[in-house]
Amino acid sequence: MSMTDPISDMLARIKNAQGVRKRSVSMPASGIKAAIAAVLKDEGYIRDFRVEGEGVKKTLSIDLKYVEGRGVIDRLDRFSKPGRRRYYGKDEIPRVLNGLGVAIISTSNGVMTDARARAAGQGGEVLCLVA
């Protein structure tokens with residue numbers, strides 16, 4: 001069975017695992033998923049991530065982060081979807097909760113946060129919103 005939106009699947013797995021207070025969650029790996037996980041780690045939303053295995057059987061494992069029993073991630077929403085891609089220029093990139101959250105953007109220079117994209121003068125596809 002093929003998956004039409006692997007990024008949405010990744011975000012749903014993270015939300016569901018955090019909802020039942022799992023320490024980690026694993027999923028099939030891809031380059032874009034690893035890049036999103038790297039941004040989440042850099043921004044302090046997850047503890048760590050690792051890609052395990054070789055070839056087609058690679059697995060992405062994400063260690064979730066909790067503070068006083070609550071998950072650090074309150075909101076994790078897919079923004080651009082396969083049926084409706086959403087691209088924004090450097091001046092049009094949406095702000096999440098007036099800067100308290102992060103938009104993860106796929107640019108020509110890689111996957112980065114909205115703040116880094118604005119600073120680099122890059123626009124791109126807004127993949128998801130995190131708060």
# chains A, B, ... in the order shown; residues from 1 in each chain; ligands from 1
call {"tool": "select_by_dssp", "arguments": {"residues": "chain A", "states": "alpha helix (DSSP H)", "output": "NGL selection string"}}
result
:A and (6-19 or 31-42 or 114-120)
call {"tool": "write_last_selection", "arguments": {"atoms": "N, CA and C atoms", "output": "mmCIF file, in the first residue's frame"}}
result
data_model
loop_
_atom_site.group_PDB
_atom_site.id
_atom_site.type_symbol
_atom_site.label_atom_id
_atom_site.label_comp_id
_atom_site.auth_asym_id
_atom_site.auth_seq_id
_atom_site.Cartn_x
_atom_site.Cartn_y
_atom_site.Cartn_z
ATOM 1 N N PRO A 6 3.607 11.200 3.209
ATOM 2 C CA PRO A 6 4.448 10.682 4.292
ATOM 3 C C PRO A 6 4.747 11.717 5.384
ATOM 4 N N ILE A 7 4.744 13.001 5.045
ATOM 5 C CA ILE A 7 5.004 14.022 6.070
ATOM 6 C C ILE A 7 3.831 14.091 7.050
ATOM 7 N N SER A 8 2.603 14.025 6.551
ATOM 8 C CA SER A 8 1.434 13.995 7.440
ATOM 9 C C SER A 8 1.462 12.767 8.334
ATOM 10 N N ASP A 9 1.891 11.631 7.772
ATOM 11 C CA ASP A 9 2.005 10.415 8.565
ATOM 12 C C ASP A 9 3.020 10.609 9.691
ATOM 13 N N MET A 10 4.130 11.244 9.388
ATOM 14 C CA MET A 10 5.161 11.510 10.399
ATOM 15 C C MET A 10 4.598 12.379 11.520
ATOM 16 N N LEU A 11 3.920 13.464 11.154
ATOM 17 C CA LEU A 11 3.372 14.376 12.150
ATOM 18 C C LEU A 11 2.302 13.695 12.997
ATOM 19 N N ALA A 12 1.463 12.865 12.382
ATOM 20 C CA ALA A 12 0.431 12.140 13.126
ATOM 21 C C ALA A 12 1.060 11.151 14.100
ATOM 22 N N ARG A 13 2.112 10.466 13.668
ATOM 23 C CA ARG A 13 2.788 9.522 14.569
ATOM 24 C C ARG A 13 3.383 10.239 15.776
ATOM 25 N N ILE A 14 3.967 11.417 15.559
ATOM 26 C CA ILE A 14 4.548 12.181 16.669
ATOM 27 C C ILE A 14 3.453 12.622 17.628
ATOM 28 N N LYS A 15 2.356 13.165 17.091
ATOM 29 C CA LYS A 15 1.248 13.622 17.951
ATOM 30 C C LYS A 15 0.637 12.471 18.737
ATOM 31 N N ASN A 16 0.418 11.334 18.077
ATOM 32 C CA ASN A 16 -0.187 10.187 18.760
ATOM 33 C C ASN A 16 0.724 9.620 19.835
ATOM 34 N N ALA A 17 2.007 9.503 19.544
ATOM 35 C CA ALA A 17 2.960 8.976 20.533
ATOM 36 C C ALA A 17 3.068 9.913 21.729
ATOM 37 N N GLN A 18 3.055 11.209 21.474
ATOM 38 C CA GLN A 18 3.137 12.172 22.570
ATOM 39 C C GLN A 18 1.856 12.149 23.396
ATOM 40 N N GLY A 19 0.722 11.884 22.748
ATOM 41 C CA GLY A 19 -0.558 11.822 23.458
ATOM 42 C C GLY A 19 -0.624 10.691 24.464
ATOM 43 N N GLY A 31 14.698 11.434 3.396
ATOM 44 C CA GLY A 31 15.536 12.620 3.568
ATOM 45 C C GLY A 31 14.770 13.808 4.114
ATOM 46 N N ILE A 32 13.550 14.032 3.629
ATOM 47 C CA ILE A 32 12.760 15.181 4.077
ATOM 48 C C ILE A 32 12.320 14.998 5.527
ATOM 49 N N LYS A 33 11.981 13.760 5.918
ATOM 50 C CA LYS A 33 11.598 13.504 7.309
ATOM 51 C C LYS A 33 12.773 13.743 8.249
ATOM 52 N N ALA A 34 13.963 13.315 7.860
ATOM 53 C CA ALA A 34 15.155 13.535 8.676
ATOM 54 C C ALA A 34 15.452 15.025 8.782
ATOM 55 N N ALA A 35 15.244 15.779 7.705
ATOM 56 C CA ALA A 35 15.477 17.224 7.741
ATOM 57 C C ALA A 35 14.473 17.914 8.661
ATOM 58 N N ILE A 36 13.220 17.486 8.642
ATOM 59 C CA ILE A 36 12.205 18.051 9.545
ATOM 60 C C ILE A 36 12.568 17.718 10.988
ATOM 61 N N ALA A 37 12.991 16.482 11.237
ATOM 62 C CA ALA A 37 13.396 16.082 12.590
ATOM 63 C C ALA A 37 14.588 16.907 13.060
ATOM 64 N N ALA A 38 15.522 17.212 12.168
ATOM 65 C CA ALA A 38 16.684 18.034 12.544
ATOM 66 C C ALA A 38 16.243 19.436 12.954
ATOM 67 N N VAL A 39 15.278 20.010 12.243
ATOM 68 C CA VAL A 39 14.766 21.332 12.609
ATOM 69 C C VAL A 39 14.054 21.259 13.959
ATOM 70 N N LEU A 40 13.257 20.219 14.180
ATOM 71 C CA LEU A 40 12.568 20.065 15.467
ATOM 72 C C LEU A 40 13.569 19.937 16.614
ATOM 73 N N LYS A 41 14.663 19.231 16.391
ATOM 74 C CA LYS A 41 15.695 19.085 17.421
ATOM 75 C C LYS A 41 16.404 20.418 17.679
ATOM 76 N N ASP A 42 16.762 21.134 16.608
ATOM 77 C CA ASP A 42 17.445 22.417 16.758
ATOM 78 C C ASP A 42 16.584 23.435 17.509
ATOM 79 N N ASP A 114 11.092 29.346 9.716
ATOM 80 C CA ASP A 114 10.649 30.583 9.075
ATOM 81 C C ASP A 114 11.602 31.740 9.365
ATOM 82 N N ALA A 115 12.137 31.807 10.565
ATOM 83 C CA ALA A 115 13.052 32.898 10.917
ATOM 84 C C ALA A 115 14.345 32.815 10.099
ATOM 85 N N ARG A 116 14.891 31.607 9.949
ATOM 86 C CA ARG A 116 16.110 31.443 9.145
ATOM 87 C C ARG A 116 15.850 31.746 7.672
ATOM 88 N N ALA A 117 14.669 31.375 7.180
ATOM 89 C CA ALA A 117 14.339 31.643 5.782
ATOM 90 C C ALA A 117 14.218 33.149 5.535
ATOM 91 N N ARG A 118 13.590 33.858 6.471
ATOM 92 C CA ARG A 118 13.487 35.322 6.333
ATOM 93 C C ARG A 118 14.874 35.961 6.362
ATOM 94 N N ALA A 119 15.725 35.501 7.274
ATOM 95 C CA ALA A 119 17.072 36.064 7.398
ATOM 96 C C ALA A 119 17.909 35.781 6.153
ATOM 97 N N ALA A 120 17.689 34.622 5.535
ATOM 98 C CA ALA A 120 18.439 34.267 4.333
ATOM 99 C C ALA A 120 17.814 34.848 3.068
#
call {"tool": "select_by_dssp", "arguments": {"residues": "chain A", "states": "strand (DSSP E or B)", "output": "count of residues only"}}
result
46
call {"tool": "atom_distance", "arguments": {"atom1": "atom CA of A:Tyr45", "atom2": "atom CA of A:Val72"}}
result
5.9 Å
call {"tool": "residues_around", "arguments": {"residues": "stretch 51-54 of chain A", "least_positions_apart": "2", "cutoff": "12 Å", "atoms": "only C-alpha atoms", "output": "PDB file with N, CA and C atoms, in the first residue's frame"}}
result
ATOM      1  N   VAL A  25       9.288   7.345  19.070  1.00  0.00           N
ATOM      2  CA  VAL A  25       8.407   6.886  18.006  1.00  0.00           C
ATOM      3  C   VAL A  25       9.278   6.604  16.787  1.00  0.00           C
ATOM      4  N   SER A  26       8.919   5.562  16.032  1.00  0.00           N
ATOM      5  CA  SER A  26       9.703   5.234  14.840  1.00  0.00           C
ATOM      6  C   SER A  26       8.783   5.164  13.631  1.00  0.00           C
ATOM      7  N   MET A  27       9.389   5.374  12.464  1.00  0.00           N
ATOM      8  CA  MET A  27       8.653   5.413  11.201  1.00  0.00           C
ATOM      9  C   MET A  27       9.618   5.155  10.061  1.00  0.00           C
ATOM     10  N   PRO A  28       9.099   4.864   8.862  1.00  0.00           N
ATOM     11  CA  PRO A  28       9.992   4.740   7.718  1.00  0.00           C
ATOM     12  C   PRO A  28      10.737   6.053   7.473  1.00  0.00           C
ATOM     13  N   ALA A  29      12.002   5.974   7.139  1.00  0.00           N
ATOM     14  CA  ALA A  29      12.836   7.165   6.996  1.00  0.00           C
ATOM     15  C   ALA A  29      12.845   7.674   5.561  1.00  0.00           C
ATOM     16  N   SER A  30      13.056   8.980   5.439  1.00  0.00           N
ATOM     17  CA  SER A  30      13.317   9.620   4.147  1.00  0.00           C
ATOM     18  C   SER A  30      14.152  10.863   4.425  1.00  0.00           C
ATOM     19  N   GLY A  31      14.698  11.434   3.396  1.00  0.00           N
ATOM     20  CA  GLY A  31      15.536  12.620   3.568  1.00  0.00           C
ATOM     21  C   GLY A  31      14.770  13.808   4.114  1.00  0.00           C
ATOM     22  N   LYS A  33      11.981  13.760   5.918  1.00  0.00           N
ATOM     23  CA  LYS A  33      11.598  13.504   7.309  1.00  0.00           C
ATOM     24  C   LYS A  33      12.773  13.743   8.249  1.00  0.00           C
ATOM     25  N   ALA A  34      13.963  13.315   7.860  1.00  0.00           N
ATOM     26  CA  ALA A  34      15.155  13.535   8.676  1.00  0.00           C
ATOM     27  C   ALA A  34      15.452  15.025   8.782  1.00  0.00           C
ATOM     28  N   ALA A  35      15.244  15.779   7.705  1.00  0.00           N
ATOM     29  CA  ALA A  35      15.477  17.224   7.741  1.00  0.00           C
ATOM     30  C   ALA A  35      14.473  17.914   8.661  1.00  0.00           C
ATOM     31  N   ALA A  37      12.991  16.482  11.237  1.00  0.00           N
ATOM     32  CA  ALA A  37      13.396  16.082  12.590  1.00  0.00           C
ATOM     33  C   ALA A  37      14.588  16.907  13.060  1.00  0.00           C
ATOM     34  N   ALA A  38      15.522  17.212  12.168  1.00  0.00           N
ATOM     35  CA  ALA A  38      16.684  18.034  12.544  1.00  0.00           C
ATOM     36  C   ALA A  38      16.243  19.436  12.954  1.00  0.00           C
ATOM     37  N   ASP A  48      16.045  14.004  20.481  1.00  0.00           N
ATOM     38  CA  ASP A  48      17.030  13.546  19.505  1.00  0.00           C
ATOM     39  C   ASP A  48      16.320  12.727  18.443  1.00  0.00           C
ATOM     40  N   PHE A  49      17.039  12.441  17.376  1.00  0.00           N
ATOM     41  CA  PHE A  49      16.534  11.552  16.331  1.00  0.00           C
ATOM     42  C   PHE A  49      17.708  10.799  15.745  1.00  0.00           C
ATOM     43  N   VAL A  56      16.482   0.328   1.652  1.00  0.00           N
ATOM     44  CA  VAL A  56      15.046   0.607   1.665  1.00  0.00           C
ATOM     45  C   VAL A  56      14.464   0.479   3.066  1.00  0.00           C
ATOM     46  N   LYS A  57      15.101  -0.259   3.923  1.00  0.00           N
ATOM     47  CA  LYS A  57      14.582  -0.531   5.262  1.00  0.00           C
ATOM     48  C   LYS A  57      15.026   0.487   6.323  1.00  0.00           C
ATOM     49  N   LYS A  58      15.381   1.705   5.939  1.00  0.00           N
ATOM     50  CA  LYS A  58      15.790   2.710   6.924  1.00  0.00           C
ATOM     51  C   LYS A  58      14.613   3.113   7.787  1.00  0.00           C
ATOM     52  N   THR A  59      14.908   3.336   9.068  1.00  0.00           N
ATOM     53  CA  THR A  59      13.898   3.733  10.034  1.00  0.00           C
ATOM     54  C   THR A  59      14.347   5.008  10.731  1.00  0.00           C
ATOM     55  N   LEU A  60      13.430   5.956  10.870  1.00  0.00           N
ATOM     56  CA  LEU A  60      13.685   7.187  11.605  1.00  0.00           C
ATOM     57  C   LEU A  60      13.089   7.037  12.987  1.00  0.00           C
ATOM     58  N   SER A  61      13.916   7.160  14.028  1.00  0.00           N
ATOM     59  CA  SER A  61      13.452   7.088  15.411  1.00  0.00           C
ATOM     60  C   SER A  61      13.598   8.459  16.040  1.00  0.00           C
ATOM     61  N   ILE A  62      12.527   8.933  16.662  1.00  0.00           N
ATOM     62  CA  ILE A  62      12.509  10.256  17.282  1.00  0.00           C
ATOM     63  C   ILE A  62      12.262  10.085  18.770  1.00  0.00           C
ATOM     64  N   ASP A  63      13.143  10.660  19.598  1.00  0.00           N
ATOM     65  CA  ASP A  63      12.977  10.658  21.048  1.00  0.00           C
ATOM     66  C   ASP A  63      12.207  11.920  21.422  1.00  0.00           C
TER      67      ASP A  63
END
call {"tool": "closest_residue", "arguments": {"among": "A:Gln122, A:Gly55, A:Arg75, A:Arg47", "to": "A:Leu97", "atoms": "only C-alpha atoms"}}
result
A:Arg75
call {"tool": "atom_distance", "arguments": {"atom1": "atom CA of A:Ile104", "atom2": "atom CA of A:Ile46"}}
result
14.4 Å
call {"tool": "closest_residue", "arguments": {"among": "A:Arg84, A:Gly124, A:Gly69, A:Glu43", "to": "A:Val102", "atoms": "only C-alpha atoms"}}
result
A:Glu43
call {"tool": "atom_distance", "arguments": {"atom1": "atom CA of A:Val20", "atom2": "atom CA of A:Asp5"}}
result
23.2 Å
